[in-house]
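Enquirer: Sending over a structure as structure tokens; questions will come in a sec.
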Amino acid sequence: MLDCAIASGRRVPDGQLIPGLGNDLADRPPAASGPAPAICRDLLELFAEVTDGRPGQGRDHPVAAVLALAAAAVVAGSRSFTAIAGWAADVPAGVLEELYRRCGAARPGAGPPSKATIWRVVTGADAAALDAATGAWLTERASAAGDLAGGGEAPLIPVRVDGKTVRGARNADGSQVHLLAALAGERGVVAAQTEAGAKTNEIPMIIPLLDGLDLDGAVITADALHTQRATADYVRGRGADFAFPVKDNQPGLFDALDALPWRDVPVSHAAADRGHGRITTRTIQVLDAPEDLPFPHVSQAYLIERHVTALDGTPLSEVAALGVTSLDATRASPARLAGLVRGQWAIESLHWLRDTLYQEDHSTVRTRSGPRAMAALRNLAVGALHQAGRHDTTEATRWASRYIDRPFAILGLTS
């Protein structure tokens, strides 16, 4: 399973409420059984590994302290550098002094960092190091809570990959900033993120994205763009599995799957949902993969159909999707396979949330590493709120903002 590194830091004992969070954590389900690390690294410790290009890393405002203030402000719903600076200006002196003391610096008499300082730190931050820091913090705590243990009939950990263009941001050459992320676990935390440039360059970046993750027991899901032979070879070479959809970008594979005798294959699993004024029914049919299938490492092929009707039974839409997986029937039942495929929506939902809650596509953060760094802080904020037991993220940011010390407690920055 994905590892939780053991290092110096603090951890909230099981069952103990985090100060400032009220009683919300009392309603969290018990963590899954299994080995858990004794200690997970502190966020300030991880942020201290990020450089930002300033001489001396800021004698008055250490990079770790500035990033921690920015992260807490984003947890409280801040969307811009102006909002972050305004929120930081309201942080009590005692909280600031403790934060700076833990970073090895006395709090400056001038008070919290200015908007200009926050801008310099965030836009100058080593984006890869910041992604690594936020990913490590989230996965270590998810692992400690048992959220990466993998449930069901086999210990499978979903790792969902998807790309997102930050439409308001552009690189120096005028191209739009495109980010590729990996969401790990049933509940989902962003374990890794990298910049992929233009959409056409996303395919080769999935391997560097996954390189830093322990993929033992993982199942990689992605959109059809990543149904590539090299990717399948890489995933299996890392000891992981895959479940990939198949579309026209792999015409030989698509035709081979489409020619299989699906009419003779019974539906193996069906599920129906009612909501938003409609009924959605999903079915899955599964076949052992033919030996001559033109794609490596495939154990099973599947056909998923989705039928949407109005509440009175009027048909609204029908969609069919073919796919392949390296999982055999002994490791994943049709129901489990259907769940893995459907679970891909979780990372798409995260990207939608960044657009709607944080207005990412309309952000004026456009320069240097700012767009990617702010995306990392938003991933961190959403994941931290979920780990605090709040999955109603829009309301949770309002809840977090009502007390100035609450975002710090959510991020484990206060004792």
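We name chains A, B, ... following the order of the structure tokens; residues begin at 1 in each chain, and ligands are numbered from 1 as shown.
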Please identify all polymer residues within 12 Å of His391 in chain A, counting only C-alpha atoms, omitting same-chain residues fewer than 3 positions from it, and present them as an mmCIF file with C-alpha atoms, in the first residue's frame.
Expert:
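Contents of around.cif, as written:
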data_model
loop_
_atom_site.group_PDB
_atom_site.id
_atom_site.type_symbol
_atom_site.label_atom_id
_atom_site.label_comp_id
_atom_site.auth_asym_id
_atom_site.auth_seq_id
_atom_site.Cartn_x
_atom_site.Cartn_y
_atom_site.Cartn_z
ATOM 1 C CA ASP A 24 -17.272 17.226 13.984
ATOM 2 C CA LEU A 25 -14.559 14.587 14.139
ATOM 3 C CA ARG A 28 -16.009 10.022 11.708
ATOM 4 C CA ARG A 187 -11.965 8.793 -0.137
ATOM 5 C CA GLY A 188 -9.252 10.343 -2.253
ATOM 6 C CA SER A 349 -15.170 16.096 -9.076
ATOM 7 C CA LEU A 350 -12.097 17.552 -7.340
ATOM 8 C CA LEU A 353 -14.633 21.798 -7.067
ATOM 9 C CA ALA A 381 -7.148 22.382 1.571
ATOM 10 C CA VAL A 382 -9.778 20.059 0.099
ATOM 11 C CA GLY A 383 -7.932 16.948 1.300
ATOM 12 C CA ALA A 384 -7.399 18.360 4.795
ATOM 13 C CA LEU A 385 -11.085 19.252 5.122
ATOM 14 C CA HIS A 386 -12.071 15.751 4.014
ATOM 15 C CA GLN A 387 -9.680 14.219 6.532
ATOM 16 C CA ALA A 388 -11.281 16.406 9.192
ATOM 17 C CA THR A 394 -18.140 24.528 0.139
ATOM 18 C CA GLU A 395 -19.864 24.738 3.516
ATOM 19 C CA ALA A 396 -16.736 23.382 5.193
ATOM 20 C CA THR A 397 -14.666 26.356 4.035
ATOM 21 C CA TRP A 399 -17.122 26.556 8.772
#
Enquirer: Could you name the residues that touch range 260-262 of chain A at 12 Å or less, counting only C-alpha atoms, but leaving out those on the same chain fewer than 5 positions away, as a count of residues only?
Expert: 21
Enquirer: DSSP on the backbone, strand (DSSP E) only: what residues of range 239-338 of chain A does that give? Format it as a ChimeraX atom specification.
Expert: /A:241-246,269-275,278-288,300-310,315-325
Enquirer: Write out the residues from the selection above, keeping C-alpha atoms, as a PDB file, in the first residue's frame.
Expert:
ATOM      1  CA  ASP A 241      -2.808  -3.017 -11.951  1.00  0.00           C
ATOM      2  CA  PHE A 242      -4.899  -0.921 -14.306  1.00  0.00           C
ATOM      3  CA  ALA A 243      -8.472  -0.486 -15.490  1.00  0.00           C
ATOM      4  CA  PHE A 244      -8.534   1.647 -18.630  1.00  0.00           C
ATOM      5  CA  PRO A 245     -11.395   2.658 -20.943  1.00  0.00           C
ATOM      6  CA  VAL A 246     -10.927   2.018 -24.650  1.00  0.00           C
ATOM      7  CA  HIS A 269     -23.757  -6.526 -11.978  1.00  0.00           C
ATOM      8  CA  ALA A 270     -26.303  -3.700 -12.077  1.00  0.00           C
ATOM      9  CA  ALA A 271     -26.858  -0.639  -9.900  1.00  0.00           C
ATOM     10  CA  ALA A 272     -29.392   2.185 -10.019  1.00  0.00           C
ATOM     11  CA  ASP A 273     -29.309   5.709  -8.577  1.00  0.00           C
ATOM     12  CA  ARG A 274     -32.169   8.158  -8.228  1.00  0.00           C
ATOM     13  CA  GLY A 275     -31.475  11.871  -7.989  1.00  0.00           C
ATOM     14  CA  ARG A 278     -33.747  11.163 -13.048  1.00  0.00           C
ATOM     15  CA  ILE A 279     -32.897   7.495 -12.613  1.00  0.00           C
ATOM     16  CA  THR A 280     -29.494   6.222 -13.718  1.00  0.00           C
ATOM     17  CA  THR A 281     -28.963   2.492 -14.220  1.00  0.00           C
ATOM     18  CA  ARG A 282     -25.485   1.070 -14.805  1.00  0.00           C
ATOM     19  CA  THR A 283     -24.699  -2.466 -15.897  1.00  0.00           C
ATOM     20  CA  ILE A 284     -21.434  -4.289 -16.486  1.00  0.00           C
ATOM     21  CA  GLN A 285     -20.607  -7.360 -18.559  1.00  0.00           C
ATOM     22  CA  VAL A 286     -17.212  -9.019 -18.171  1.00  0.00           C
ATOM     23  CA  LEU A 287     -15.272 -11.475 -20.353  1.00  0.00           C
ATOM     24  CA  ASP A 288     -11.891 -13.138 -20.046  1.00  0.00           C
ATOM     25  CA  GLN A 300     -10.477  -9.159 -18.539  1.00  0.00           C
ATOM     26  CA  ALA A 301     -12.471  -6.985 -20.910  1.00  0.00           C
ATOM     27  CA  TYR A 302     -15.653  -5.214 -19.859  1.00  0.00           C
ATOM     28  CA  LEU A 303     -18.636  -3.401 -21.301  1.00  0.00           C
ATOM     29  CA  ILE A 304     -20.391  -0.831 -19.120  1.00  0.00           C
ATOM     30  CA  GLU A 305     -23.746   0.612 -20.185  1.00  0.00           C
ATOM     31  CA  ARG A 306     -25.465   3.565 -18.564  1.00  0.00           C
ATOM     32  CA  HIS A 307     -29.173   4.232 -19.090  1.00  0.00           C
ATOM     33  CA  VAL A 308     -30.702   7.487 -17.846  1.00  0.00           C
ATOM     34  CA  THR A 309     -34.463   7.966 -17.651  1.00  0.00           C
ATOM     35  CA  ALA A 310     -36.787  10.559 -16.228  1.00  0.00           C
ATOM     36  CA  PRO A 315     -35.497   7.619 -21.815  1.00  0.00           C
ATOM     37  CA  LEU A 316     -33.021  10.517 -21.659  1.00  0.00           C
ATOM     38  CA  SER A 317     -29.666   9.034 -22.692  1.00  0.00           C
ATOM     39  CA  GLU A 318     -27.763   5.799 -23.224  1.00  0.00           C
ATOM     40  CA  VAL A 319     -23.989   5.402 -23.151  1.00  0.00           C
ATOM     41  CA  ALA A 320     -21.818   2.304 -23.651  1.00  0.00           C
ATOM     42  CA  ALA A 321     -18.115   2.106 -22.744  1.00  0.00           C
ATOM     43  CA  LEU A 322     -15.577  -0.624 -23.411  1.00  0.00           C
ATOM     44  CA  GLY A 323     -12.524  -1.217 -21.263  1.00  0.00           C
ATOM     45  CA  VAL A 324      -9.685  -3.508 -20.240  1.00  0.00           C
ATOM     46  CA  THR A 325      -8.116  -4.440 -16.926  1.00  0.00           C
TER      47      THR A 325
END
Enquirer: May I have all residues of range 171-364 of chain A that DSSP, computed from the backbone, assigns to helix (DSSP H, G or I), given as a ChimeraX atom specification?
Expert: /A:199-211,224-226,229-237,251-258,262-264,334-342,345-356,360-362
Enquirer: List the neighbours of Ala116 in chain A out to 9 Å using only C-alpha atoms; skip same-chain residues closer than 4 positions along the sequence, and give me the result as a VMD selection string.
Expert: chain A and resid 81 85 120 to 121
Enquirer: So the first atom is CA of Asp162 in chain A and the second is CA of Arg79 in chain A; what is the distance between them in Å, to one decimal place?
Expert: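 We find that CA of Asp162 in chain A and CA of Arg79 in chain A lie 22.5 Å from each other.
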Enquirer: Write out as a VMD selection string each polymer residue whose atoms come within 7 Å of Ala125 in chain A, counting only C-alpha atoms; drop sequence neighbours fewer than 3 positions from it.
Expert: chain A and resid 50 to 52 121 to 122 369
Enquirer: Just the selected residues (N, CA and C atoms), exported as an mmCIF file, in the first residue's frame, please.
Expert:
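The resulting again-v2.cif:
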data_model
loop_
_atom_site.group_PDB
_atom_site.id
_atom_site.type_symbol
_atom_site.label_atom_id
_atom_site.label_comp_id
_atom_site.auth_asym_id
_atom_site.auth_seq_id
_atom_site.Cartn_x
_atom_site.Cartn_y
_atom_site.Cartn_z
ATOM 1 N N VAL A 50 10.894 23.238 0.786
ATOM 2 C CA VAL A 50 10.560 23.974 -0.435
ATOM 3 C C VAL A 50 11.413 25.239 -0.506
ATOM 4 N N THR A 51 12.044 25.477 -1.623
ATOM 5 C CA THR A 51 12.784 26.713 -1.837
ATOM 6 C C THR A 51 11.946 27.682 -2.655
ATOM 7 N N ASP A 52 12.252 28.979 -2.495
ATOM 8 C CA ASP A 52 11.456 29.972 -3.234
ATOM 9 C C ASP A 52 12.304 31.013 -3.958
ATOM 10 N N VAL A 121 6.866 34.526 -2.453
ATOM 11 C CA VAL A 121 7.101 33.167 -1.970
ATOM 12 C C VAL A 121 6.324 32.148 -2.795
ATOM 13 N N VAL A 122 5.034 32.381 -2.995
ATOM 14 C CA VAL A 122 4.198 31.389 -3.676
ATOM 15 C C VAL A 122 4.563 31.281 -5.153
ATOM 16 N N SER A 369 5.570 30.137 -10.970
ATOM 17 C CA SER A 369 4.972 28.866 -10.542
ATOM 18 C C SER A 369 3.660 29.074 -9.803
#
